[in-house]
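**Q** Here it is, the structure in full.
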Amino acid sequence: MAWIVLLVGLLAGLPIAFAILAALSLFMATGDAPYHIRIVATEMFKGLNSFPLLAIPLFILAGEVMNASGITQRIIAFANALVGGFRAGLAQVNIWASVIFAGLSGSAVADTSALGRVFIPEMEKHGYDRAFAAALTAASSVIGPIIPPSIPVIIYALIVSGVSVPALFLAGIVPGLLLAVFLSVYVALTVKEADITPDPDLTTRPRRAALLGGILPLLMPVFVVGSILLGVVTPTEAASFAVAYALVLGLLVYRNLTWRALPGLFSGAMRDSAVILVIIAAVAAANWLLTYNRVPNMLTDWVLGNVDSQVAFLLAVIVLFLFVGLFLEGIAAMLVLVPIVHPIAVSLGVDPVHFGIIVIFNLMIGLITPPLGLCLFVAEDIAKVGMARLVRAILPFFAVEVAVLLILTFVPDLVTFLPSALGY
Amino acid sequence: MTRLSRLYAHVLAIVAGACMALVFGVIFVNSLRRYVSGQSLPWGDELPVYVTIYGVMSGVALACLQDRHIRFAVLLDALSDHARGRLLLAMDAVTCIVGVALAWSGLVFVSRRPQVEASGLIGSAQDLAAATGIEALVWLGRMGTWQFAIVYGGVALALAAALRLSTRAKEI
Amino acid sequence: QTLRFAHVDPADWQTSKKGAAGEIFKQIVEGETDLTVELFPAGSLGNEDELVGQAQDGLTQVVMVSGAMSKICPAAGVLDIPYTFSSAPLAWKVLDGEFGDALAQHCLDETGLRTLAYGETGFRNFTNNVREIRTPADMEGLKFRVQPIPLYVEMVKGLGGEPTPIAWTELPNALSTGVVDGQENPVGVIYNNGLHKLQKYMTLDGHVYAADFLLISDEFFQSLDPAEQAVVEKAAKVAGNMGRSIQQYSTAVGINAVQDEGMQVYSPTDEEIAQFRDAAQPAVKEWLAGELGDDAQWIDRLDSAIGAASE
Ligand code: NA
Ligand code: NA
């Protein structure tokens, strides 16, 4: 009965968190002892009762403040001055602005929403297909949580004890850049110059001013990641430094953020975080039921009994996570699956840091796949080109990202080189 | 939105925003202070977590009022406007029931052992109660106060869903 | 009937005290009764506070916890008074004797959870990255991560350090980056979690002897027939001792291993331990007496039990 409620609810468009909670409440309220309706609230509270989870609202707040304080625009101008002159310039700017933005923000959704608002209309103005612009923005914002700082990394380290956040942060840098290069090459090879009117601003725009204007925003990742590596703050606390830095730039340096705008930014950030955190809480409650009935143990035993090579296991994980990524939000998916697959990976001799980056990369691709892709939703919300068109436009980017994922999976050095070189 | 919905959204936004500001403020000041003077607040870790839970519960209700929750829209997109409106109406009703269930669940949860102490908070809460003479402030250091967030969230959500339903019913 | 046994330590019985206790408990009970034992290691059902709550609610039947016990049965907090036990065998004698029985009965009345046996998490020691600590004077100004438990905060303050509550999940980062200078934990925990790689110095001051409590929901226990009860009680005693043995083994291995890996380990002399005791104990005892109210008698009861056991 509970399963029917869950499936019908999800299909009928009941918000995902409420579909899970409806099914779980029904099960707990009607089940025999020890099941009890109280468990729903108990386990939801438990799911939210975690310090590292605070990185989510803080990084989302940082993103809101960056948008409102003109930091986003400066980053775009900076990227434009650097790569705007290349083939399919504005599309390149979109990709490399995402890379820079990745150094500031911990969430792909925040990146899509910040960069999409500027890039989608701007690229259309220069002759790009609107759906292509939206797809590129969503696809390149996947870089955001791969390059540090990163919410998924913090949550991953919370689930898997013994894998350190700094190690995962360092491990994500090369994969993030590699993804950017692949997207960049793909765009250069496929976008026909004839379709695009050249950026008229670029020759006249004072390039030096744009480069100088980028300095303060670019110091932000140095400040945030540096404060972690220098021991000023823990990774979660660093998110509050990102907020503070953006606030100082907006309120005192650029002065285009007003004090009166702050309450709106704060409540908006908490509301947008709540949308994600309520799913996490609901999944945590459902997870408890699965663990209590030893479902993860049975799955683990089954996998270990049937899969004995690293390669087969990693390929199976990639297929599984791409599939789950279609339907589940990345962090919620991590909470369900990582406790199951991590011990198997370790017992098969996969490097935990390497595995962590593969898992995170894998699930972040899920942000651009239908039917549930948060970046896809946000991009469509801005572009308004219709989901079907957007999905068609994003397919090639999806293929590029899966290709990069496979490279990272089977060339572990790309991931582990940097952290081990720096002693993690 | 009706005037009542707008007013309610405004109240929820204030609570959510205040929680966000408090969480940011405490974490930022605590880590800065620890780096500068070496001292940290005993409640600097726990309080932001609990305040966030209240903030999230407000945000969940607010997002419900504004139709911002994450859902599969495949079926909704395929339907005619008329049918979609009806379906959304039904989903509002189910959301309202979920809110009630959550409030009920939370109430049983919180009444179980509300007096259990939050180890990081209880000391400061007792000091605060002693300093002000207001005995009730001790409850800032007890889990019941924070677990109540689930009850609050359930009620807030049920109310939001009911308002959303009545607004949508008028629009159809 | 299924009996769920939950704890927060790893499953592997050769390195994990609670893992070992769970494993042997399962083998004995399943071998000698018709009960089935399902193990839930590694916090898969929740943290210690939550496990205790689940046992009280009848969701789990047996839990093995350490720090969470004094939150539901404050009198158990007297075991955490710093520099109380001078050795582990002394602690075993006290806990397996009249004092331990009386405390178990008291906590059963308070919580509905029956203490079947005591295991141990082990003596806790300070590590840090700045200098060797021989006396409390060496702790001056160092930031130590402590659990957000007032007793630990009071103790580190009393010793002259700066107590810094940081979540366990954030600890490795906080140590590797220098957010805090040091931390305190049993050697086994330090070694098994790789904290020694992040710290240069360890002082075997053994400030707190942390006991493990092997608890069973009394409601469930009473539902068993007498033969099953006897097996469960026996299995628990063996499990508690198994946990202690594995803990002692991990500590011994750990002390050797951390030194092989370059950590400097210092064992304070009796005089130096006395300095630590004088600096930490009065403040903690005074604070604890205030906290415990009527239960403060347990402080004196413990002192006289230790006195008797030491003779
Ligand atoms: Na990032
Ligand atoms: Na998806």
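Each chain in the structure tokens gets a letter, A, B and so on, in the order shown; residues start at 1 in every chain, and ligands are counted from 1 in the order they appear.
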Within 8 Å of ligand 2, counting only C-alpha atoms and all ligand atoms: which residues, as number ranges by chain?
**A** A: 324-329, 365-374
**Q** Please produce a file of those selected residues containing C-alpha atoms, as a PDB file, in the first residue's frame.
**A**
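The resulting file, selection_35.pdb, is shown below:
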```pdb
ATOM      1  CA  VAL A 324      19.506   6.629  -9.996  1.00  0.00           C
ATOM      2  CA  GLY A 325      20.611  10.133 -11.006  1.00  0.00           C
ATOM      3  CA  LEU A 326      17.701  10.250 -13.430  1.00  0.00           C
ATOM      4  CA  PHE A 327      15.252  10.154 -10.556  1.00  0.00           C
ATOM      5  CA  LEU A 328      16.966  11.264  -7.368  1.00  0.00           C
ATOM      6  CA  GLU A 329      18.588  14.491  -6.235  1.00  0.00           C
ATOM      7  CA  ILE A 365      25.696  14.450 -14.150  1.00  0.00           C
ATOM      8  CA  GLY A 366      22.250  13.503 -12.843  1.00  0.00           C
ATOM      9  CA  LEU A 367      21.605  17.227 -12.377  1.00  0.00           C
ATOM     10  CA  ILE A 368      21.193  17.587 -16.155  1.00  0.00           C
ATOM     11  CA  THR A 369      19.240  14.402 -16.877  1.00  0.00           C
ATOM     12  CA  PRO A 370      15.441  14.221 -17.054  1.00  0.00           C
ATOM     13  CA  PRO A 371      12.984  13.549 -15.554  1.00  0.00           C
ATOM     14  CA  LEU A 372      14.530  14.963 -12.396  1.00  0.00           C
ATOM     15  CA  GLY A 373      17.483  17.249 -13.018  1.00  0.00           C
ATOM     16  CA  LEU A 374      17.695  20.311 -10.815  1.00  0.00           C
TER      17      LEU A 374
END
```
**Q** Please, which residues in chain A fall within 7 Å of chain B when counting only C-alpha atoms, and what is the closest atom pair and distance in Å to one decimal for each, ordered by chain then residue number, as JSON lines?
**A**
```
{"residue": "A:Leu10", "atom": "CA", "partner": "B:Phe72", "partner_atom": "CA", "distance": 6.4}
{"residue": "A:Leu11", "atom": "CA", "partner": "B:Phe72", "partner_atom": "CA", "distance": 6.6}
{"residue": "A:Ala12", "atom": "CA", "partner": "B:Leu75", "partner_atom": "CA", "distance": 6.3}
{"residue": "A:Gly13", "atom": "CA", "partner": "B:Phe72", "partner_atom": "CA", "distance": 5.2}
{"residue": "A:Leu14", "atom": "CA", "partner": "B:Met91", "partner_atom": "CA", "distance": 5.5}
{"residue": "A:Pro15", "atom": "CA", "partner": "B:Arg71", "partner_atom": "CA", "distance": 4.4}
{"residue": "A:Ile16", "atom": "CA", "partner": "B:Arg71", "partner_atom": "CA", "distance": 5.3}
{"residue": "A:Phe18", "atom": "CA", "partner": "B:Thr95", "partner_atom": "CA", "distance": 6.5}
{"residue": "A:Leu21", "atom": "CA", "partner": "B:Val98", "partner_atom": "CA", "distance": 6.9}
{"residue": "A:Ala22", "atom": "CA", "partner": "B:Val98", "partner_atom": "CA", "distance": 5.7}
{"residue": "A:Ser25", "atom": "CA", "partner": "B:Ala101", "partner_atom": "CA", "distance": 6.8}
{"residue": "A:Ile37", "atom": "CA", "partner": "B:Ser105", "partner_atom": "CA", "distance": 5.3}
{"residue": "A:Arg38", "atom": "CA", "partner": "B:Ser105", "partner_atom": "CA", "distance": 4.6}
{"residue": "A:Val40", "atom": "CA", "partner": "B:Ser105", "partner_atom": "CA", "distance": 6.4}
{"residue": "A:Ala41", "atom": "CA", "partner": "B:Gly106", "partner_atom": "CA", "distance": 5.0}
{"residue": "A:Thr42", "atom": "CA", "partner": "B:Phe109", "partner_atom": "CA", "distance": 6.1}
{"residue": "A:Phe45", "atom": "CA", "partner": "B:Gln147", "partner_atom": "CA", "distance": 6.9}
{"residue": "A:Leu48", "atom": "CA", "partner": "B:Ile53", "partner_atom": "CA", "distance": 6.6}
{"residue": "A:Asn49", "atom": "CA", "partner": "B:Val49", "partner_atom": "CA", "distance": 6.1}
{"residue": "A:Ser50", "atom": "CA", "partner": "B:Val49", "partner_atom": "CA", "distance": 6.4}
{"residue": "A:Phe51", "atom": "CA", "partner": "B:Val49", "partner_atom": "CA", "distance": 5.9}
{"residue": "A:Leu54", "atom": "CA", "partner": "B:Val49", "partner_atom": "CA", "distance": 6.9}
{"residue": "A:Leu58", "atom": "CA", "partner": "B:Phe24", "partner_atom": "CA", "distance": 6.9}
{"residue": "A:Val232", "atom": "CA", "partner": "B:Tyr35", "partner_atom": "CA", "distance": 5.9}
{"residue": "A:Val233", "atom": "CA", "partner": "B:Ser31", "partner_atom": "CA", "distance": 6.2}
{"residue": "A:Glu237", "atom": "CA", "partner": "B:Ile27", "partner_atom": "CA", "distance": 6.3}
{"residue": "A:Ser240", "atom": "CA", "partner": "B:Phe28", "partner_atom": "CA", "distance": 5.5}
{"residue": "A:Phe241", "atom": "CA", "partner": "B:Phe28", "partner_atom": "CA", "distance": 6.6}
{"residue": "A:Pro263", "atom": "CA", "partner": "B:Gly17", "partner_atom": "CA", "distance": 6.0}
{"residue": "A:Phe266", "atom": "CA", "partner": "B:Gly17", "partner_atom": "CA", "distance": 4.6}
{"residue": "A:Ser267", "atom": "CA", "partner": "B:Gly17", "partner_atom": "CA", "distance": 3.6}
{"residue": "A:Met270", "atom": "CA", "partner": "B:Ala16", "partner_atom": "CA", "distance": 5.8}
{"residue": "A:Arg271", "atom": "CA", "partner": "B:Gly59", "partner_atom": "CA", "distance": 4.0}
{"residue": "A:Ala274", "atom": "CA", "partner": "B:Val56", "partner_atom": "CA", "distance": 4.6}
{"residue": "A:Val275", "atom": "CA", "partner": "B:His69", "partner_atom": "CA", "distance": 5.8}
{"residue": "A:Pro371", "atom": "CA", "partner": "B:Phe72", "partner_atom": "CA", "distance": 6.5}
{"residue": "A:Leu372", "atom": "CA", "partner": "B:Phe72", "partner_atom": "CA", "distance": 6.4}
```
**Q** Let's have the selection written as a short mmCIF file (atom, residue, chain, number, x, y, z; two decimals), in the first residue's frame, with N, CA and C atoms.
**A**
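That gives us result_13.cif:
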```
data_model
loop_
_atom_site.label_atom_id
_atom_site.label_comp_id
_atom_site.auth_asym_id
_atom_site.auth_seq_id
_atom_site.Cartn_x
_atom_site.Cartn_y
_atom_site.Cartn_z
N LEU A 10 4.44 10.19 -6.73
CA LEU A 10 5.54 10.71 -7.54
C LEU A 10 5.07 10.99 -8.97
N LEU A 11 4.34 10.02 -9.54
CA LEU A 11 3.87 10.17 -10.93
C LEU A 11 2.91 11.34 -11.07
N ALA A 12 2.06 11.51 -10.07
CA ALA A 12 1.02 12.53 -10.17
C ALA A 12 1.58 13.93 -9.92
N GLY A 13 2.86 14.04 -9.58
CA GLY A 13 3.44 15.36 -9.39
C GLY A 13 3.38 15.87 -7.96
N LEU A 14 3.16 14.96 -7.02
CA LEU A 14 3.28 15.36 -5.61
C LEU A 14 4.77 15.64 -5.36
N PRO A 15 5.10 16.75 -4.68
CA PRO A 15 6.52 17.00 -4.41
C PRO A 15 7.18 15.74 -3.84
N ILE A 16 8.41 15.48 -4.30
CA ILE A 16 9.08 14.22 -3.99
C ILE A 16 9.17 13.97 -2.48
N PHE A 18 7.26 15.00 -0.15
CA PHE A 18 5.96 14.70 0.46
C PHE A 18 5.48 13.31 0.04
N LEU A 21 7.26 11.06 2.37
CA LEU A 21 6.73 11.18 3.73
C LEU A 21 5.32 10.59 3.83
N ALA A 22 4.51 10.77 2.78
CA ALA A 22 3.16 10.22 2.80
C ALA A 22 3.22 8.70 2.89
N SER A 25 4.71 7.64 6.37
CA SER A 25 3.78 7.88 7.48
C SER A 25 2.70 6.81 7.47
N ILE A 37 4.27 5.80 14.23
CA ILE A 37 4.28 7.08 13.50
C ILE A 37 5.38 8.00 14.00
N ARG A 38 5.73 7.86 15.30
CA ARG A 38 6.77 8.70 15.90
C ARG A 38 8.10 8.62 15.14
N VAL A 40 8.81 8.61 12.05
CA VAL A 40 8.96 9.54 10.93
C VAL A 40 9.63 10.82 11.41
N ALA A 41 9.07 11.41 12.47
CA ALA A 41 9.63 12.66 12.99
C ALA A 41 11.02 12.44 13.58
N THR A 42 11.17 11.32 14.32
CA THR A 42 12.46 11.04 14.95
C THR A 42 13.57 10.98 13.90
N PHE A 45 14.28 14.35 12.07
CA PHE A 45 15.07 15.22 12.92
C PHE A 45 16.53 14.76 12.91
N LEU A 48 18.37 15.77 9.81
CA LEU A 48 18.74 17.19 9.70
C LEU A 48 19.73 17.60 10.78
N ASN A 49 19.90 16.75 11.80
CA ASN A 49 20.72 17.11 12.95
C ASN A 49 22.19 16.84 12.65
N SER A 50 22.78 17.66 11.78
CA SER A 50 24.15 17.41 11.35
C SER A 50 24.81 18.72 10.96
N PHE A 51 25.98 18.96 11.54
CA PHE A 51 26.66 20.23 11.28
C PHE A 51 27.10 20.39 9.82
N LEU A 54 24.95 22.06 7.18
CA LEU A 54 24.77 23.51 7.14
C LEU A 54 25.48 24.14 5.96
N LEU A 58 24.38 27.68 3.66
CA LEU A 58 25.40 28.74 3.62
C LEU A 58 25.91 28.97 2.20
N VAL A 232 42.11 27.98 9.45
CA VAL A 232 41.29 28.99 10.11
C VAL A 232 39.91 28.39 10.40
N VAL A 233 39.40 27.63 9.46
CA VAL A 233 38.04 27.12 9.58
C VAL A 233 37.96 25.68 9.11
N GLU A 237 32.45 25.59 8.01
CA GLU A 237 32.54 26.99 8.44
C GLU A 237 33.00 27.88 7.29
N SER A 240 30.60 30.00 5.51
CA SER A 240 30.21 31.28 6.09
C SER A 240 31.21 32.37 5.71
N PHE A 241 32.48 31.97 5.48
CA PHE A 241 33.47 32.96 5.02
C PHE A 241 33.15 33.40 3.59
N PRO A 263 17.37 40.99 3.92
CA PRO A 263 16.35 40.05 4.41
C PRO A 263 15.80 39.16 3.30
N PHE A 266 18.36 36.47 2.54
CA PHE A 266 18.43 35.46 3.60
C PHE A 266 17.24 34.51 3.55
N SER A 267 16.02 35.07 3.41
CA SER A 267 14.86 34.18 3.42
C SER A 267 14.83 33.35 2.15
N MET A 270 17.20 30.42 2.55
CA MET A 270 16.69 29.36 3.44
C MET A 270 15.57 28.59 2.75
N ARG A 271 14.72 29.29 2.00
CA ARG A 271 13.63 28.60 1.29
C ARG A 271 14.21 27.64 0.25
N ALA A 274 15.67 24.72 1.91
CA ALA A 274 14.64 23.87 2.51
C ALA A 274 14.11 22.88 1.49
N VAL A 275 13.99 23.33 0.24
CA VAL A 275 13.47 22.46 -0.82
C VAL A 275 14.37 21.22 -0.97
N PRO A 371 14.04 12.57 -15.85
CA PRO A 371 12.98 13.55 -15.55
C PRO A 371 13.29 14.46 -14.38
N LEU A 372 14.22 14.07 -13.50
CA LEU A 372 14.53 14.96 -12.40
C LEU A 372 15.97 15.44 -12.51
#
```
**Q** Within 6 Å of ligand 1, counting only C-alpha atoms and all ligand atoms, which protein or nucleic acid residues do you find, written as a ChimeraX atom specification?
**A** /A:102-106,144-145,147-150
**Q** Which neighbours of region 199-201 of chain C fall inside 10 Å, counting only C-alpha atoms, when residues of the same chain fewer than 2 positions from it are skipped, and could you give them as a ChimeraX atom specification?
**A** /C:126-133,175-176,178,181-183,190,194-197,203-204,258-259,261-266
**Q** Take the residues from that selection and write them out as a short mmCIF file (atom, residue, chain, number, x, y, z; two decimals), in the first residue's frame, keeping N, CA and C atoms.
**A**
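And here is the file that came out, again_34.cif:
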```cif
data_model
loop_
_atom_site.label_atom_id
_atom_site.label_comp_id
_atom_site.auth_asym_id
_atom_site.auth_seq_id
_atom_site.Cartn_x
_atom_site.Cartn_y
_atom_site.Cartn_z
N PHE C 126 45.75 12.77 25.76
CA PHE C 126 45.88 13.99 24.94
C PHE C 126 46.91 13.80 23.83
N THR C 127 46.59 14.31 22.64
CA THR C 127 47.60 14.42 21.59
C THR C 127 47.61 15.88 21.15
N ASN C 128 48.73 16.31 20.60
CA ASN C 128 48.77 17.66 20.04
C ASN C 128 49.91 17.79 19.05
N ASN C 129 49.98 18.94 18.43
CA ASN C 129 50.90 19.17 17.34
C ASN C 129 51.97 20.20 17.67
N VAL C 130 51.95 20.71 18.92
CA VAL C 130 52.80 21.86 19.23
C VAL C 130 54.02 21.47 20.05
N ARG C 131 53.80 20.78 21.17
CA ARG C 131 54.94 20.43 22.03
C ARG C 131 54.58 19.21 22.88
N GLU C 132 55.63 18.60 23.44
CA GLU C 132 55.41 17.48 24.34
C GLU C 132 54.78 17.98 25.63
N ILE C 133 53.78 17.27 26.10
CA ILE C 133 53.12 17.67 27.34
C ILE C 133 53.55 16.71 28.44
N LEU C 175 42.18 19.03 12.67
CA LEU C 175 43.54 18.71 13.10
C LEU C 175 44.56 18.93 11.98
N SER C 176 44.20 18.47 10.77
CA SER C 176 45.19 18.54 9.70
C SER C 176 45.44 19.98 9.29
N GLY C 178 44.92 22.63 11.40
CA GLY C 178 45.35 23.44 12.53
C GLY C 178 44.27 24.32 13.13
N ASP C 181 44.79 22.57 18.03
CA ASP C 181 46.15 22.05 18.16
C ASP C 181 46.15 20.57 18.54
N GLY C 182 45.12 20.16 19.27
CA GLY C 182 45.14 18.79 19.78
C GLY C 182 43.75 18.25 19.99
N GLN C 183 43.71 17.03 20.52
CA GLN C 183 42.44 16.37 20.80
C GLN C 183 42.70 15.35 21.89
N ILE C 190 42.43 6.74 18.33
CA ILE C 190 43.40 7.60 17.64
C ILE C 190 44.04 6.85 16.48
N GLY C 194 43.43 7.04 12.27
CA GLY C 194 44.54 7.73 11.61
C GLY C 194 44.85 9.11 12.17
N LEU C 195 44.33 9.42 13.37
CA LEU C 195 44.57 10.76 13.92
C LEU C 195 46.06 10.97 14.24
N HIS C 196 46.79 9.86 14.48
CA HIS C 196 48.22 10.00 14.81
C HIS C 196 49.00 10.57 13.64
N LYS C 197 48.47 10.40 12.42
CA LYS C 197 49.16 10.95 11.26
C LYS C 197 49.06 12.47 11.23
N THR C 203 50.52 12.16 25.02
CA THR C 203 50.86 11.97 26.42
C THR C 203 49.89 10.97 27.01
N LEU C 204 50.44 9.87 27.54
CA LEU C 204 49.57 8.81 28.08
C LEU C 204 49.13 9.19 29.49
N VAL C 258 51.98 3.88 16.55
CA VAL C 258 52.09 5.33 16.35
C VAL C 258 53.54 5.79 16.53
N GLN C 259 54.27 5.09 17.43
CA GLN C 259 55.68 5.46 17.58
C GLN C 259 56.49 5.06 16.35
N GLU C 261 55.40 5.07 13.48
CA GLU C 261 55.07 6.01 12.42
C GLU C 261 55.48 7.44 12.78
N GLY C 262 56.28 7.57 13.83
CA GLY C 262 56.92 8.86 14.07
C GLY C 262 56.30 9.73 15.15
N MET C 263 55.31 9.23 15.84
CA MET C 263 54.71 10.05 16.89
C MET C 263 55.55 9.94 18.16
N GLN C 264 55.70 11.04 18.87
CA GLN C 264 56.41 11.00 20.16
C GLN C 264 55.42 10.72 21.26
N VAL C 265 55.66 9.64 22.01
CA VAL C 265 54.73 9.26 23.07
C VAL C 265 55.42 9.41 24.41
N TYR C 266 54.74 10.10 25.33
CA TYR C 266 55.32 10.31 26.66
C TYR C 266 54.42 9.70 27.74
#
```
**Q** Leaving out region 150-152 of chain C and any residue of its chain fewer than 3 positions from it, which residues lie within 9 Å of it when counting only C-alpha atoms, given as JSON, numbers by chain?
**A** {"B": [42, 119, 120, 122, 123], "C": [77, 80, 81, 82, 146, 147, 155, 156, 157, 163, 284, 287, 288]}
**Q** The selected residues should be written to file as a tab-separated table (two decimals), in the first residue's frame (atoms: N, CA, C and O atoms).
**A**
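Result file follows (part-v6.tsv):
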```tsv
chain	number	residue	atom	x	y	z
B	42	PRO	N	30.62	27.26	23.55
B	42	PRO	CA	30.24	25.85	23.73
B	42	PRO	C	29.03	25.47	22.87
B	42	PRO	O	28.87	24.31	22.52
B	119	SER	N	23.85	18.62	24.99
B	119	SER	CA	25.06	18.77	25.82
B	119	SER	C	25.77	20.10	25.60
B	119	SER	O	26.30	20.67	26.53
B	120	GLY	N	25.76	20.61	24.36
B	120	GLY	CA	26.46	21.87	24.12
B	120	GLY	C	25.70	23.10	24.61
B	120	GLY	O	26.27	24.16	24.78
B	122	ILE	N	23.13	23.10	27.27
B	122	ILE	CA	22.49	23.13	28.58
B	122	ILE	C	23.20	24.06	29.56
B	122	ILE	O	22.56	24.80	30.31
B	123	GLY	N	24.53	24.06	29.52
B	123	GLY	CA	25.28	24.91	30.45
B	123	GLY	C	24.94	26.37	30.28
B	123	GLY	O	24.57	27.06	31.24
C	77	GLY	N	27.91	9.46	35.16
C	77	GLY	CA	28.93	10.45	34.84
C	77	GLY	C	30.09	10.47	35.83
C	77	GLY	O	31.16	10.97	35.51
C	80	ASP	N	33.46	9.34	34.78
C	80	ASP	CA	34.24	10.20	33.90
C	80	ASP	C	35.08	11.22	34.67
C	80	ASP	O	35.77	12.05	34.06
C	81	ILE	N	35.00	11.22	36.00
C	81	ILE	CA	35.83	12.17	36.77
C	81	ILE	C	37.29	11.91	36.42
C	81	ILE	O	37.76	10.77	36.49
C	82	PRO	N	38.02	12.94	35.99
C	82	PRO	CA	39.38	12.72	35.49
C	82	PRO	C	40.33	12.17	36.56
C	82	PRO	O	40.23	12.53	37.73
C	146	VAL	N	37.32	19.04	22.14
C	146	VAL	CA	36.65	18.16	23.09
C	146	VAL	C	35.24	17.89	22.57
C	146	VAL	O	34.74	18.61	21.72
C	147	GLN	N	34.63	16.82	23.07
C	147	GLN	CA	33.21	16.61	22.79
C	147	GLN	C	32.45	17.74	23.47
C	147	GLN	O	32.91	18.25	24.49
C	155	MET	N	37.27	20.11	32.45
C	155	MET	CA	38.55	19.45	32.69
C	155	MET	C	39.69	20.16	31.93
C	155	MET	O	40.72	20.48	32.51
C	156	VAL	N	39.47	20.41	30.64
C	156	VAL	CA	40.53	21.04	29.84
C	156	VAL	C	40.80	22.45	30.34
C	156	VAL	O	41.95	22.88	30.41
C	157	LYS	N	39.74	23.15	30.73
C	157	LYS	CA	39.93	24.48	31.31
C	157	LYS	C	40.78	24.39	32.57
C	157	LYS	O	41.72	25.16	32.75
C	163	PRO	N	39.43	24.53	25.64
C	163	PRO	CA	38.53	23.52	25.10
C	163	PRO	C	37.76	24.06	23.90
C	163	PRO	O	37.24	25.17	23.94
C	284	VAL	N	36.19	19.80	38.36
C	284	VAL	CA	35.21	18.88	37.77
C	284	VAL	C	34.29	18.33	38.85
C	284	VAL	O	33.07	18.26	38.67
C	287	TRP	N	31.83	20.96	39.92
C	287	TRP	CA	30.83	21.17	38.88
C	287	TRP	C	29.85	20.00	38.83
C	287	TRP	O	28.64	20.16	38.75
C	288	LEU	N	30.40	18.77	38.91
C	288	LEU	CA	29.58	17.58	38.78
C	288	LEU	C	28.62	17.46	39.97
C	288	LEU	O	27.45	17.10	39.78
```
**Q** Taking only C-alpha atoms into account and nothing else, which residues of chain A lie no more than 10 Å away from chain C? Please answer as a PyMOL selection string.
**A** chain A and resi 33-36+39+42-43+46-47+50-52+154+157-167+227-236+287-289+291-294+297+339+424
**Q** Do me a favour and pick out the residues of chain C within 6 Å of chain B, using only C-alpha atoms, as a PyMOL selection string.
**A** chain C and resi 148-149+164
**Q** Going by DSSP on the backbone, which residues of region 7-249 of chain C come out as helix (DSSP H, G or I)? List them as a ChimeraX atom specification.
**A** /C:17-32,48-56,69-72,74-80,88-95,98-111,136-139,150-159,168-177,187-192,195-198,218-223,226-249
**Q** Just to confirm, what's the straight-line distance from CA of Arg164 (chain B) to CA of Ala286 (chain A) in Å (one decimal)?
**A** 26.9 Å
**Q** Mind pulling up the distance from CA of Val295 (chain A) to CA of Ala2 (chain A)?
**A**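 CA of Val295 (chain A) lies 17.0 Å from CA of Ala2 (chain A).
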**Q** Give me, as a PyMOL selection string, all polymer residues having an atom no more than 9 Å from Ala246 (chain A), counting only C-alpha atoms and skipping those fewer than 2 positions away in the same chain.
**A** chain A and resi 62-63+65-66+69+71+217+220+241-244+248-251
**Q** So that I can see what lies close to region 86-103 of chain C, please list as a count of residues only the residues with an atom at most 7 Å from it, counting only C-alpha atoms and leaving out residues fewer than 4 positions away in the same chain.
**A** 4
**Q** C:Val238, C:Leu159, C:Leu292, C:Val153: which is nearest Glu140 (chain C), counting only C-alpha atoms?
**A** C:Leu159
**Q** Hey, which of A:Ile276, A:Leu414, A:Val303, A:Ala388 ends up closest to Ala131 (chain A)? Count only C-alpha atoms.
**A**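 Among the listed residues, A:Ala388 lies closest to Ala131 (chain A).
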**Q** What's the separation between CA of Ala135 (chain A) and CA of Asn256 (chain A), in Å to one decimal place?
**A**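 The value is 29.9 Å.
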**Q** Restricting the calculation to only C-alpha atoms, which member of A:Val411, A:Cys375, A:Leu61, A:Leu335 is positioned closest to Thr137 (chain A)?
**A**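 Using only C-alpha atoms, Thr137 (chain A) sits closest to A:Cys375.
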**Q** Please identify all polymer residues within 12 Å of Pro396 (chain A), counting only C-alpha atoms, omitting same-chain residues fewer than 2 positions from it, and present them as a PyMOL selection string.
**A** chain A and resi 132+135-136+139+182-183+186-187+190+368-369+390-394+398-403
**Q** For Pro282 (chain C), which residue among C:Ala211, C:Ser304, C:Glu154, C:Thr15 is the nearest when counting only C-alpha atoms?
**A**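 Closest to Pro282 (chain C) of all the choices is C:Glu154.
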